[in-house]
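Engineer: The structure file protein.pdb (PDB, C-alpha atoms, pLDDT in the B column) is provided below.
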ATOM      1  CA  MET S   1     -28.586   0.085  67.897  1.00 47.00           C
ATOM      2  CA  THR S   2     -29.582   2.252  70.843  1.00 46.00           C
ATOM      3  CA  ARG S   3     -32.163   1.959  73.562  1.00 52.00           C
ATOM      4  CA  GLY S   4     -32.808   5.053  75.660  1.00 56.00           C
ATOM      5  CA  PHE S   5     -29.782   7.315  75.963  1.00 62.00           C
ATOM      6  CA  LEU S   6     -27.039   4.652  75.909  1.00 68.00           C
ATOM      7  CA  PRO S   7     -25.767   2.710  72.870  1.00 84.00           C
ATOM      8  CA  ASP S   8     -26.402  -1.017  73.028  1.00 86.00           C
ATOM      9  CA  SER S   9     -22.659  -1.752  73.186  1.00 87.00           C
ATOM     10  CA  VAL S  10     -22.288   0.428  76.302  1.00 90.00           C
ATOM     11  CA  ARG S  11     -25.255  -1.255  77.958  1.00 92.00           C
ATOM     12  CA  ARG S  12     -23.784  -4.686  77.215  1.00 93.00           C
ATOM     13  CA  LEU S  13     -20.393  -3.714  78.637  1.00 92.00           C
ATOM     14  CA  ALA S  14     -22.072  -2.350  81.771  1.00 92.00           C
ATOM     15  CA  ALA S  15     -24.054  -5.582  82.147  1.00 94.00           C
ATOM     16  CA  HIS S  16     -20.815  -7.567  81.816  1.00 94.00           C
ATOM     17  CA  GLU S  17     -19.162  -5.451  84.525  1.00 93.00           C
ATOM     18  CA  ALA S  18     -22.184  -6.041  86.774  1.00 94.00           C
ATOM     19  CA  ARG S  19     -21.940  -9.820  86.248  1.00 95.00           C
ATOM     20  CA  VAL S  20     -18.261  -9.730  87.173  1.00 95.00           C
ATOM     21  CA  LEU S  21     -18.981  -7.783  90.373  1.00 94.00           C
ATOM     22  CA  ARG S  22     -21.867 -10.119  91.299  1.00 96.00           C
ATOM     23  CA  SER S  23     -19.457 -13.021  90.952  1.00 97.00           C
ATOM     24  CA  PHE S  24     -17.559 -11.722  93.986  1.00 97.00           C
ATOM     25  CA  GLY S  25     -20.746 -12.087  96.035  1.00 96.00           C
ATOM     26  CA  LEU S  26     -21.197 -15.677  94.805  1.00 97.00           C
ATOM     27  CA  TRP S  27     -17.562 -16.422  95.584  1.00 96.00           C
ATOM     28  CA  ILE S  28     -17.816 -15.049  99.127  1.00 96.00           C
ATOM     29  CA  VAL S  29     -20.823 -17.253  99.947  1.00 96.00           C
ATOM     30  CA  ARG S  30     -19.297 -20.215  98.047  1.00 95.00           C
ATOM     31  CA  ARG S  31     -22.087 -20.517  95.504  1.00 96.00           C
ATOM     32  CA  ARG S  32     -21.964 -21.172  91.772  1.00 96.00           C
ATOM     33  CA  HIS S  33     -24.123 -19.424  89.218  1.00 96.00           C
ATOM     34  CA  GLN S  34     -27.151 -21.480  88.115  1.00 94.00           C
ATOM     35  CA  VAL S  35     -25.886 -24.931  89.002  1.00 96.00           C
ATOM     36  CA  GLY S  36     -28.923 -26.978  90.002  1.00 93.00           C
ATOM     37  CA  PRO S  37     -29.078 -29.906  92.467  1.00 92.00           C
ATOM     38  CA  GLY S  38     -29.034 -32.514  89.692  1.00 91.00           C
ATOM     39  CA  ASP S  39     -26.470 -30.753  87.509  1.00 97.00           C
ATOM     40  CA  ARG S  40     -22.752 -31.480  87.187  1.00 97.00           C
ATOM     41  CA  ALA S  41     -20.294 -28.585  87.224  1.00 98.00           C
ATOM     42  CA  PHE S  42     -16.860 -28.670  85.581  1.00 98.00           C
ATOM     43  CA  GLY S  43     -14.219 -26.029  86.253  1.00 97.00           C
ATOM     44  CA  TYR S  44     -11.792 -24.618  83.695  1.00 98.00           C
ATOM     45  CA  VAL S  45      -9.633 -22.068  85.528  1.00 97.00           C
ATOM     46  CA  SER S  46      -6.386 -23.978  86.161  1.00 96.00           C
ATOM     47  CA  PRO S  47      -4.420 -22.814  83.081  1.00 95.00           C
ATOM     48  CA  GLN S  48      -5.036 -19.126  83.835  1.00 95.00           C
ATOM     49  CA  THR S  49      -4.754 -19.056  87.638  1.00 96.00           C
ATOM     50  CA  ALA S  50      -1.031 -18.274  87.937  1.00 95.00           C
ATOM     51  CA  THR S  51      -1.219 -15.626  85.205  1.00 95.00           C
ATOM     52  CA  VAL S  52      -4.208 -13.831  86.732  1.00 96.00           C
ATOM     53  CA  TYR S  53      -2.779 -13.765  90.253  1.00 95.00           C
ATOM     54  CA  GLY S  54       0.614 -12.692  88.910  1.00 96.00           C
ATOM     55  CA  LEU S  55      -0.978  -9.832  86.993  1.00 95.00           C
ATOM     56  CA  ALA S  56      -3.002  -8.827  90.063  1.00 95.00           C
ATOM     57  CA  PHE S  57       0.207  -8.725  92.138  1.00 95.00           C
ATOM     58  CA  VAL S  58       1.896  -6.486  89.559  1.00 95.00           C
ATOM     59  CA  CYS S  59      -1.143  -4.177  89.594  1.00 93.00           C
ATOM     60  CA  VAL S  60      -1.008  -3.935  93.393  1.00 93.00           C
ATOM     61  CA  VAL S  61       2.709  -3.075  93.315  1.00 94.00           C
ATOM     62  CA  GLU S  62       2.025  -0.445  90.644  1.00 92.00           C
ATOM     63  CA  THR S  63      -0.814   1.000  92.737  1.00 90.00           C
ATOM     64  CA  VAL S  64       1.453   1.403  95.767  1.00 91.00           C
ATOM     65  CA  GLY S  65       4.238   2.934  93.685  1.00 92.00           C
ATOM     66  CA  VAL S  66       1.998   5.448  91.926  1.00 90.00           C
ATOM     67  CA  SER S  67       0.274   6.403  95.190  1.00 88.00           C
ATOM     68  CA  PHE S  68       3.671   7.167  96.704  1.00 88.00           C
ATOM     69  CA  MET S  69       4.746   9.303  93.731  1.00 91.00           C
ATOM     70  CA  VAL S  70       1.586  11.467  93.630  1.00 91.00           C
ATOM     71  CA  ARG S  71       0.998  11.709  97.390  1.00 87.00           C
ATOM     72  CA  ASP S  72       1.513  15.507  97.274  1.00 90.00           C
ATOM     73  CA  TRP S  73      -1.389  15.994  94.826  1.00 93.00           C
ATOM     74  CA  PRO S  74      -4.545  14.833  96.657  1.00 90.00           C
ATOM     75  CA  ALA S  75      -6.927  15.107  93.702  1.00 92.00           C
ATOM     76  CA  VAL S  76      -4.603  13.218  91.356  1.00 91.00           C
ATOM     77  CA  HIS S  77      -3.856  10.694  94.089  1.00 89.00           C
ATOM     78  CA  ALA S  78      -7.559  10.013  94.692  1.00 92.00           C
ATOM     79  CA  ALA S  79      -8.355   9.627  90.977  1.00 93.00           C
ATOM     80  CA  LEU S  80      -5.432   7.317  90.266  1.00 92.00           C
ATOM     81  CA  LEU S  81      -6.051   5.290  93.403  1.00 91.00           C
ATOM     82  CA  PHE S  82      -9.665   4.692  92.352  1.00 93.00           C
ATOM     83  CA  LEU S  83      -8.604   3.617  88.836  1.00 93.00           C
ATOM     84  CA  ASP S  84      -5.826   1.365  90.128  1.00 92.00           C
ATOM     85  CA  VAL S  85      -8.011  -0.342  92.719  1.00 92.00           C
ATOM     86  CA  TYR S  86     -10.767  -0.853  90.146  1.00 92.00           C
ATOM     87  CA  THR S  87      -8.200  -2.383  87.784  1.00 93.00           C
ATOM     88  CA  VAL S  88      -7.134  -4.863  90.481  1.00 94.00           C
ATOM     89  CA  VAL S  89     -10.792  -5.736  91.111  1.00 94.00           C
ATOM     90  CA  GLN S  90     -11.382  -6.353  87.400  1.00 92.00           C
ATOM     91  CA  VAL S  91      -8.271  -8.517  87.060  1.00 94.00           C
ATOM     92  CA  LEU S  92      -9.315 -10.638  90.040  1.00 96.00           C
ATOM     93  CA  GLY S  93     -12.856 -10.622  88.628  1.00 96.00           C
ATOM     94  CA  ILE S  94     -11.633 -12.607  85.624  1.00 94.00           C
ATOM     95  CA  GLN S  95     -10.717 -15.465  87.952  1.00 97.00           C
ATOM     96  CA  VAL S  96     -13.648 -15.116  90.324  1.00 97.00           C
ATOM     97  CA  ALA S  97     -16.195 -15.076  87.481  1.00 97.00           C
ATOM     98  CA  ALA S  98     -14.631 -18.190  85.980  1.00 97.00           C
ATOM     99  CA  VAL S  99     -14.664 -20.015  89.337  1.00 97.00           C
ATOM    100  CA  THR S 100     -18.304 -19.163  90.098  1.00 98.00           C
ATOM    101  CA  ARG S 101     -19.545 -19.774  86.532  1.00 98.00           C
ATOM    102  CA  PRO S 102     -18.312 -23.266  85.568  1.00 98.00           C
ATOM    103  CA  HIS S 103     -19.415 -25.383  82.641  1.00 98.00           C
ATOM    104  CA  VAL S 104     -22.642 -27.176  83.575  1.00 98.00           C
ATOM    105  CA  LEU S 105     -24.026 -30.486  82.317  1.00 98.00           C
ATOM    106  CA  THR S 106     -27.778 -30.691  82.888  1.00 97.00           C
ATOM    107  CA  PRO S 107     -30.135 -33.543  81.938  1.00 95.00           C
ATOM    108  CA  ASP S 108     -30.909 -31.869  78.596  1.00 96.00           C
ATOM    109  CA  ALA S 109     -28.094 -29.421  77.798  1.00 97.00           C
ATOM    110  CA  LEU S 110     -24.417 -28.554  78.086  1.00 98.00           C
ATOM    111  CA  ARG S 111     -23.805 -25.016  79.283  1.00 98.00           C
ATOM    112  CA  VAL S 112     -20.380 -23.825  78.127  1.00 98.00           C
ATOM    113  CA  ARG S 113     -19.060 -20.689  79.784  1.00 98.00           C
ATOM    114  CA  ALA S 114     -16.106 -18.328  79.819  1.00 97.00           C
ATOM    115  CA  GLY S 115     -16.412 -16.350  83.023  1.00 96.00           C
ATOM    116  CA  ALA S 116     -19.016 -13.602  82.738  1.00 95.00           C
ATOM    117  CA  ARG S 117     -18.301 -13.142  79.024  1.00 95.00           C
ATOM    118  CA  VAL S 118     -19.797 -16.255  77.393  1.00 97.00           C
ATOM    119  CA  ASP S 119     -22.743 -18.425  78.456  1.00 97.00           C
ATOM    120  CA  LEU S 120     -23.729 -20.769  75.624  1.00 97.00           C
ATOM    121  CA  VAL S 121     -26.425 -23.403  76.110  1.00 97.00           C
ATOM    122  CA  ILE S 122     -26.050 -26.393  73.772  1.00 98.00           C
ATOM    123  CA  PRO S 123     -29.015 -28.820  73.730  1.00 98.00           C
ATOM    124  CA  LEU S 124     -27.804 -32.412  74.050  1.00 97.00           C
ATOM    125  CA  ALA S 125     -30.025 -33.335  71.106  1.00 97.00           C
ATOM    126  CA  GLN S 126     -27.877 -31.141  68.855  1.00 97.00           C
ATOM    127  CA  ILE S 127     -24.529 -32.702  69.807  1.00 97.00           C
ATOM    128  CA  ALA S 128     -23.180 -34.989  67.104  1.00 97.00           C
ATOM    129  CA  CYS S 129     -19.668 -35.699  68.368  1.00 95.00           C
ATOM    130  CA  ILE S 130     -17.476 -35.092  71.427  1.00 96.00           C
ATOM    131  CA  ARG S 131     -13.695 -35.262  71.146  1.00 96.00           C
ATOM    132  CA  ARG S 132     -11.074 -34.851  73.822  1.00 96.00           C
ATOM    133  CA  GLU S 133      -8.194 -33.092  72.082  1.00 94.00           C
ATOM    134  CA  LEU S 134      -5.622 -30.542  73.184  1.00 94.00           C
ATOM    135  CA  LYS S 135      -5.389 -27.518  70.893  1.00 92.00           C
ATOM    136  CA  PHE S 136      -3.365 -24.354  71.374  1.00 90.00           C
ATOM    137  CA  GLN S 137      -4.728 -21.000  70.273  1.00 81.00           C
ATOM    138  CA  GLY S 138      -3.320 -19.951  66.904  1.00 70.00           C
ATOM    139  CA  ALA S 139      -1.475 -23.236  66.315  1.00 66.00           C
ATOM    140  CA  GLY S 140      -3.836 -24.297  63.525  1.00 63.00           C
ATOM    141  CA  GLY S 141      -3.956 -20.941  61.723  1.00 67.00           C
ATOM    142  CA  THR S 142      -7.141 -18.896  61.500  1.00 81.00           C
ATOM    143  CA  VAL S 143     -10.276 -20.183  63.224  1.00 83.00           C
ATOM    144  CA  PRO S 144     -13.190 -20.809  60.788  1.00 87.00           C
ATOM    145  CA  ASP S 145     -16.249 -18.580  61.170  1.00 89.00           C
ATOM    146  CA  ASP S 146     -18.430 -21.486  62.303  1.00 94.00           C
ATOM    147  CA  VAL S 147     -16.046 -22.486  65.126  1.00 96.00           C
ATOM    148  CA  LEU S 148     -16.346 -20.953  68.591  1.00 96.00           C
ATOM    149  CA  GLU S 149     -13.027 -21.222  70.421  1.00 95.00           C
ATOM    150  CA  LEU S 150     -13.101 -20.500  74.159  1.00 96.00           C
ATOM    151  CA  SER S 151      -9.473 -20.969  75.124  1.00 95.00           C
ATOM    152  CA  VAL S 152      -8.168 -20.753  78.693  1.00 96.00           C
ATOM    153  CA  GLY S 153      -4.461 -20.113  79.013  1.00 92.00           C
ATOM    154  CA  SER S 154      -4.336 -20.232  75.177  1.00 92.00           C
ATOM    155  CA  GLN S 155      -5.584 -23.824  75.063  1.00 95.00           C
ATOM    156  CA  THR S 156      -8.716 -25.906  74.612  1.00 96.00           C
ATOM    157  CA  SER S 157      -9.110 -29.556  75.566  1.00 97.00           C
ATOM    158  CA  LEU S 158     -12.556 -30.536  74.243  1.00 98.00           C
ATOM    159  CA  THR S 159     -14.269 -30.210  70.885  1.00 97.00           C
ATOM    160  CA  VAL S 160     -18.028 -30.549  70.421  1.00 98.00           C
ATOM    161  CA  GLU S 161     -19.485 -30.851  66.928  1.00 97.00           C
ATOM    162  CA  LEU S 162     -23.152 -30.017  66.398  1.00 98.00           C
ATOM    163  CA  THR S 163     -25.797 -31.488  64.126  1.00 97.00           C
ATOM    164  CA  GLU S 164     -27.043 -27.984  63.271  1.00 96.00           C
ATOM    165  CA  PRO S 165     -25.834 -24.438  63.929  1.00 97.00           C
ATOM    166  CA  ILE S 166     -26.588 -22.588  67.141  1.00 97.00           C
ATOM    167  CA  THR S 167     -26.383 -18.842  67.636  1.00 97.00           C
ATOM    168  CA  HIS S 168     -23.564 -17.383  69.692  1.00 97.00           C
ATOM    169  CA  VAL S 169     -24.063 -13.773  70.832  1.00 94.00           C
ATOM    170  CA  GLN S 170     -20.744 -12.013  71.392  1.00 92.00           C
ATOM    171  CA  LEU S 171     -20.075  -9.539  74.193  1.00 91.00           C
ATOM    172  CA  LEU S 172     -21.049  -6.475  72.142  1.00 90.00           C
ATOM    173  CA  GLY S 173     -24.112  -8.129  70.619  1.00 90.00           C
ATOM    174  CA  LYS S 174     -22.789  -9.452  67.313  1.00 92.00           C
ATOM    175  CA  ARG S 175     -24.395 -12.789  66.396  1.00 94.00           C
ATOM    176  CA  ARG S 176     -22.909 -15.686  64.476  1.00 94.00           C
ATOM    177  CA  GLU S 177     -23.862 -19.270  63.763  1.00 97.00           C
ATOM    178  CA  VAL S 178     -21.471 -21.947  65.034  1.00 97.00           C
ATOM    179  CA  THR S 179     -21.345 -25.680  64.377  1.00 97.00           C
ATOM    180  CA  VAL S 180     -18.202 -26.494  66.398  1.00 97.00           C
ATOM    181  CA  VAL S 181     -17.370 -25.410  69.961  1.00 98.00           C
ATOM    182  CA  ARG S 182     -13.862 -25.797  71.373  1.00 97.00           C
ATOM    183  CA  PHE S 183     -13.367 -25.160  75.075  1.00 98.00           C
ATOM    184  CA  HIS S 184     -11.280 -26.191  78.066  1.00 98.00           C
ATOM    185  CA  ALA S 185     -12.235 -28.184  81.146  1.00 98.00           C
ATOM    186  CA  ASP S 186      -9.837 -29.055  83.940  1.00 97.00           C
ATOM    187  CA  GLU S 187     -11.360 -32.545  84.120  1.00 97.00           C
ATOM    188  CA  SER S 188     -11.767 -32.936  80.367  1.00 97.00           C
ATOM    189  CA  GLY S 189     -11.833 -36.736  80.510  1.00 96.00           C
ATOM    190  CA  GLU S 190     -14.638 -36.784  83.077  1.00 97.00           C
ATOM    191  CA  LEU S 191     -16.669 -34.220  81.146  1.00 97.00           C
ATOM    192  CA  ALA S 192     -16.173 -36.071  77.848  1.00 97.00           C
ATOM    193  CA  LYS S 193     -17.278 -39.327  79.464  1.00 97.00           C
ATOM    194  CA  ALA S 194     -20.309 -37.777  81.170  1.00 97.00           C
ATOM    195  CA  LEU S 195     -21.325 -35.881  78.039  1.00 97.00           C
ATOM    196  CA  THR S 196     -20.979 -38.933  75.811  1.00 96.00           C
ATOM    197  CA  ALA S 197     -23.177 -40.927  78.186  1.00 96.00           C
ATOM    198  CA  ALA S 198     -25.741 -38.142  78.387  1.00 95.00           C
ATOM    199  CA  VAL S 199     -25.947 -37.799  74.600  1.00 93.00           C
ATOM    200  CA  ALA S 200     -26.204 -41.566  74.133  1.00 85.00           C
TER     201      ALA S 200
END
Show this structure as structure tokens.

Structural biologist:
Amino acid sequence: MTRGFLPDSVRRLAAHEARVLRSFGLWIVRRRHQVGPGDRAFGYVSPQTATVYGLAFVCVVETVGVSFMVRDWPAVHAALLFLDVYTVVQVLGIQVAAVTRPHVLTPDALRVRAGARVDLVIPLAQIACIRRELKFQGAGGTVPDDVLELSVGSQTSLTVELTEPITHVQLLGKRREVTVVRFHADESGELAKALTAAVA
């Protein structure tokens, strides 16, 4: 599907990049995306923090090394420096977007997020069951089509079963109906308790 001159997939990727970059602004002013005064926010970044910062460090070292090797070719140096710096920004953006876009429990919904990539609103009225369970990505074989798995550091710690399907729109626009959502929360026990009370 296209709209204007750009394919829909390109527009969606550009919008995702813009959300990541806006997350840096939220992070600088210590704000979180759409967390209201009466809402409860739950982070989920702990399992990926060391990996992201380690990867960012490797990218910085690579940037310095490549810049040194191509210093005699100004045009090549400028192009590679731009690409390398942008790569570092995007790697750090994974963490920053996750920090500024936590899961949110509101009076009538649970908002499950995965950085700037996923933002799924689940009405509390459609939640049938909440389980606190640790699952590792790929350990149980293939994931059924009706299960949305949002792992962090290859793990999930909470499972929410729904009374009826809700629509999940993937990054490039593909839609699918899901009846089970698995995700991670650093304080999974607190979120499970709060969510159970809210549903009850």

Engineer: May I ask which of the residues S:Ile130, S:Val199, S:Leu13, S:Ala56 is the closest one to Asp108 in chain S, counting all atoms listed in the file?

Structural biologist: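 Distance minimum relative to Asp108 in chain S lands on S:Val199.
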
Engineer: Find the residues around Val20 in chain S up to 9 Å (all atoms listed in the file counted), leave out those fewer than 2 positions away in its own chain, and share them as a PDB file with C-alpha atoms, keeping the file's coordinate frame.

Structural biologist:
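Written output follows (selection.pdb):
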ATOM      1  CA  ALA S  15     -24.054  -5.582  82.147  1.00 94.00           C
ATOM      2  CA  HIS S  16     -20.815  -7.567  81.816  1.00 94.00           C
ATOM      3  CA  GLU S  17     -19.162  -5.451  84.525  1.00 93.00           C
ATOM      4  CA  ALA S  18     -22.184  -6.041  86.774  1.00 94.00           C
ATOM      5  CA  ARG S  22     -21.867 -10.119  91.299  1.00 96.00           C
ATOM      6  CA  SER S  23     -19.457 -13.021  90.952  1.00 97.00           C
ATOM      7  CA  PHE S  24     -17.559 -11.722  93.986  1.00 97.00           C
ATOM      8  CA  GLN S  90     -11.382  -6.353  87.400  1.00 92.00           C
ATOM      9  CA  GLY S  93     -12.856 -10.622  88.628  1.00 96.00           C
ATOM     10  CA  ILE S  94     -11.633 -12.607  85.624  1.00 94.00           C
ATOM     11  CA  VAL S  96     -13.648 -15.116  90.324  1.00 97.00           C
ATOM     12  CA  ALA S  97     -16.195 -15.076  87.481  1.00 97.00           C
ATOM     13  CA  GLY S 115     -16.412 -16.350  83.023  1.00 96.00           C
ATOM     14  CA  ALA S 116     -19.016 -13.602  82.738  1.00 95.00           C
ATOM     15  CA  ARG S 117     -18.301 -13.142  79.024  1.00 95.00           C
TER      16      ARG S 117
END

Engineer: Find the residues of range 104-154 of chain S that sit at most 9 Å from range 33-41 of chain S; for each, write down the nearest two atoms and how far apart they are in Å, to one decimal. Count all atoms listed in the file. Sort by chain, then by number going up, and give it as JSON lines.

Structural biologist:
{"residue": "S:Val104", "atom": "CA", "partner": "S:Ala41", "partner_atom": "CA", "distance": 4.6}
{"residue": "S:Leu105", "atom": "CA", "partner": "S:Arg40", "partner_atom": "CA", "distance": 5.1}
{"residue": "S:Thr106", "atom": "CA", "partner": "S:Asp39", "partner_atom": "CA", "distance": 4.8}
{"residue": "S:Pro107", "atom": "CA", "partner": "S:Asp39", "partner_atom": "CA", "distance": 7.2}

Engineer: List the residues matched by the PyMOL selection byres ((chain S and resi 122-126) around 7) in the displayed structure as a list of chain:residue names, ordered by chain and then by residue number.

Structural biologist: S:Asp108, S:Ala109, S:Leu110, S:Arg111, S:Leu120, S:Val121, S:Ile127, S:Ala128, S:Leu162, S:Thr163, S:Glu164, S:Val199

Engineer: For the selection just defined, write its residues with C-alpha atoms to a file, as a PDB file, in the frame of the given file.

Structural biologist:
ATOM      1  CA  ASP S 108     -30.909 -31.869  78.596  1.00 96.00           C
ATOM      2  CA  ALA S 109     -28.094 -29.421  77.798  1.00 97.00           C
ATOM      3  CA  LEU S 110     -24.417 -28.554  78.086  1.00 98.00           C
ATOM      4  CA  ARG S 111     -23.805 -25.016  79.283  1.00 98.00           C
ATOM      5  CA  LEU S 120     -23.729 -20.769  75.624  1.00 97.00           C
ATOM      6  CA  VAL S 121     -26.425 -23.403  76.110  1.00 97.00           C
ATOM      7  CA  ILE S 127     -24.529 -32.702  69.807  1.00 97.00           C
ATOM      8  CA  ALA S 128     -23.180 -34.989  67.104  1.00 97.00           C
ATOM      9  CA  LEU S 162     -23.152 -30.017  66.398  1.00 98.00           C
ATOM     10  CA  THR S 163     -25.797 -31.488  64.126  1.00 97.00           C
ATOM     11  CA  GLU S 164     -27.043 -27.984  63.271  1.00 96.00           C
ATOM     12  CA  VAL S 199     -25.947 -37.799  74.600  1.00 93.00           C
TER      13      VAL S 199
END

Engineer: For Thr51 in chain S, find every residue with an atom within 12 Å (counting all atoms listed in the file), except residues of its own chain fewer than 4 positions away, and show them as a ChimeraX atom specification.

Structural biologist: /S:45-47,55-58,91-92,94-95,152-154

Engineer: Mind rebuilding range 6-14 of chain S with all heavy atoms and writing that out as a tab-separated table (two decimals), in the frame of the given file?

Structural biologist:
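Okay, this is what ended up in out-v9.tsv:
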chain	number	residue	atom	x	y	z
S	6	LEU	N	-28.31	5.34	76.02
S	6	LEU	CA	-27.04	4.65	75.91
S	6	LEU	C	-27.02	3.72	74.70
S	6	LEU	O	-28.00	3.01	74.44
S	6	LEU	CB	-26.76	3.84	77.17
S	6	LEU	CG	-26.52	4.63	78.46
S	6	LEU	CD1	-26.34	3.67	79.63
S	6	LEU	CD2	-25.31	5.53	78.33
S	7	PRO	N	-25.90	3.69	73.95
S	7	PRO	CA	-25.77	2.71	72.87
S	7	PRO	C	-25.83	1.29	73.43
S	7	PRO	O	-25.47	1.04	74.59
S	7	PRO	CB	-24.38	3.03	72.30
S	7	PRO	CG	-24.05	4.40	72.75
S	7	PRO	CD	-24.75	4.57	74.07
S	8	ASP	N	-26.26	0.36	72.59
S	8	ASP	CA	-26.40	-1.02	73.03
S	8	ASP	C	-25.07	-1.60	73.48
S	8	ASP	O	-25.02	-2.37	74.44
S	8	ASP	CB	-26.98	-1.86	71.88
S	8	ASP	CG	-27.37	-3.26	72.35
S	8	ASP	OD1	-28.17	-3.36	73.29
S	8	ASP	OD2	-26.85	-4.23	71.78
S	9	SER	N	-23.97	-1.23	72.81
S	9	SER	CA	-22.66	-1.75	73.19
S	9	SER	C	-22.27	-1.31	74.59
S	9	SER	O	-21.69	-2.09	75.36
S	9	SER	CB	-21.59	-1.30	72.18
S	9	SER	OG	-21.56	0.11	72.10
S	10	VAL	N	-22.60	-0.07	74.96
S	10	VAL	CA	-22.29	0.43	76.30
S	10	VAL	C	-23.12	-0.32	77.34
S	10	VAL	O	-22.62	-0.69	78.41
S	10	VAL	CB	-22.54	1.95	76.39
S	10	VAL	CG1	-22.35	2.44	77.82
S	10	VAL	CG2	-21.60	2.70	75.45
S	11	ARG	N	-24.38	-0.53	77.04
S	11	ARG	CA	-25.26	-1.25	77.96
S	11	ARG	C	-24.74	-2.69	78.16
S	11	ARG	O	-24.77	-3.22	79.28
S	11	ARG	CB	-26.68	-1.29	77.43
S	11	ARG	CG	-27.38	0.07	77.42
S	11	ARG	CD	-28.75	0.01	76.77
S	11	ARG	NE	-29.63	-0.88	77.49
S	11	ARG	CZ	-29.98	-2.10	77.07
S	11	ARG	NH1	-29.53	-2.58	75.94
S	11	ARG	NH2	-30.80	-2.85	77.78
S	12	ARG	N	-24.28	-3.32	77.11
S	12	ARG	CA	-23.78	-4.69	77.22
S	12	ARG	C	-22.50	-4.74	78.04
S	12	ARG	O	-22.30	-5.67	78.83
S	12	ARG	CB	-23.56	-5.27	75.83
S	12	ARG	CG	-24.86	-5.62	75.11
S	12	ARG	CD	-24.61	-6.21	73.73
S	12	ARG	NE	-25.84	-6.65	73.12
S	12	ARG	CZ	-26.40	-7.83	73.31
S	12	ARG	NH1	-25.80	-8.72	74.10
S	12	ARG	NH2	-27.52	-8.17	72.73
S	13	LEU	N	-21.62	-3.76	77.85
S	13	LEU	CA	-20.39	-3.71	78.64
S	13	LEU	C	-20.71	-3.48	80.12
S	13	LEU	O	-20.09	-4.09	81.00
S	13	LEU	CB	-19.47	-2.61	78.11
S	13	LEU	CG	-18.74	-2.92	76.81
S	13	LEU	CD1	-17.99	-1.68	76.32
S	13	LEU	CD2	-17.77	-4.08	76.99
S	14	ALA	N	-21.67	-2.62	80.39
S	14	ALA	CA	-22.07	-2.35	81.77
S	14	ALA	C	-22.67	-3.61	82.41
S	14	ALA	O	-22.40	-3.91	83.58
S	14	ALA	CB	-23.07	-1.20	81.82
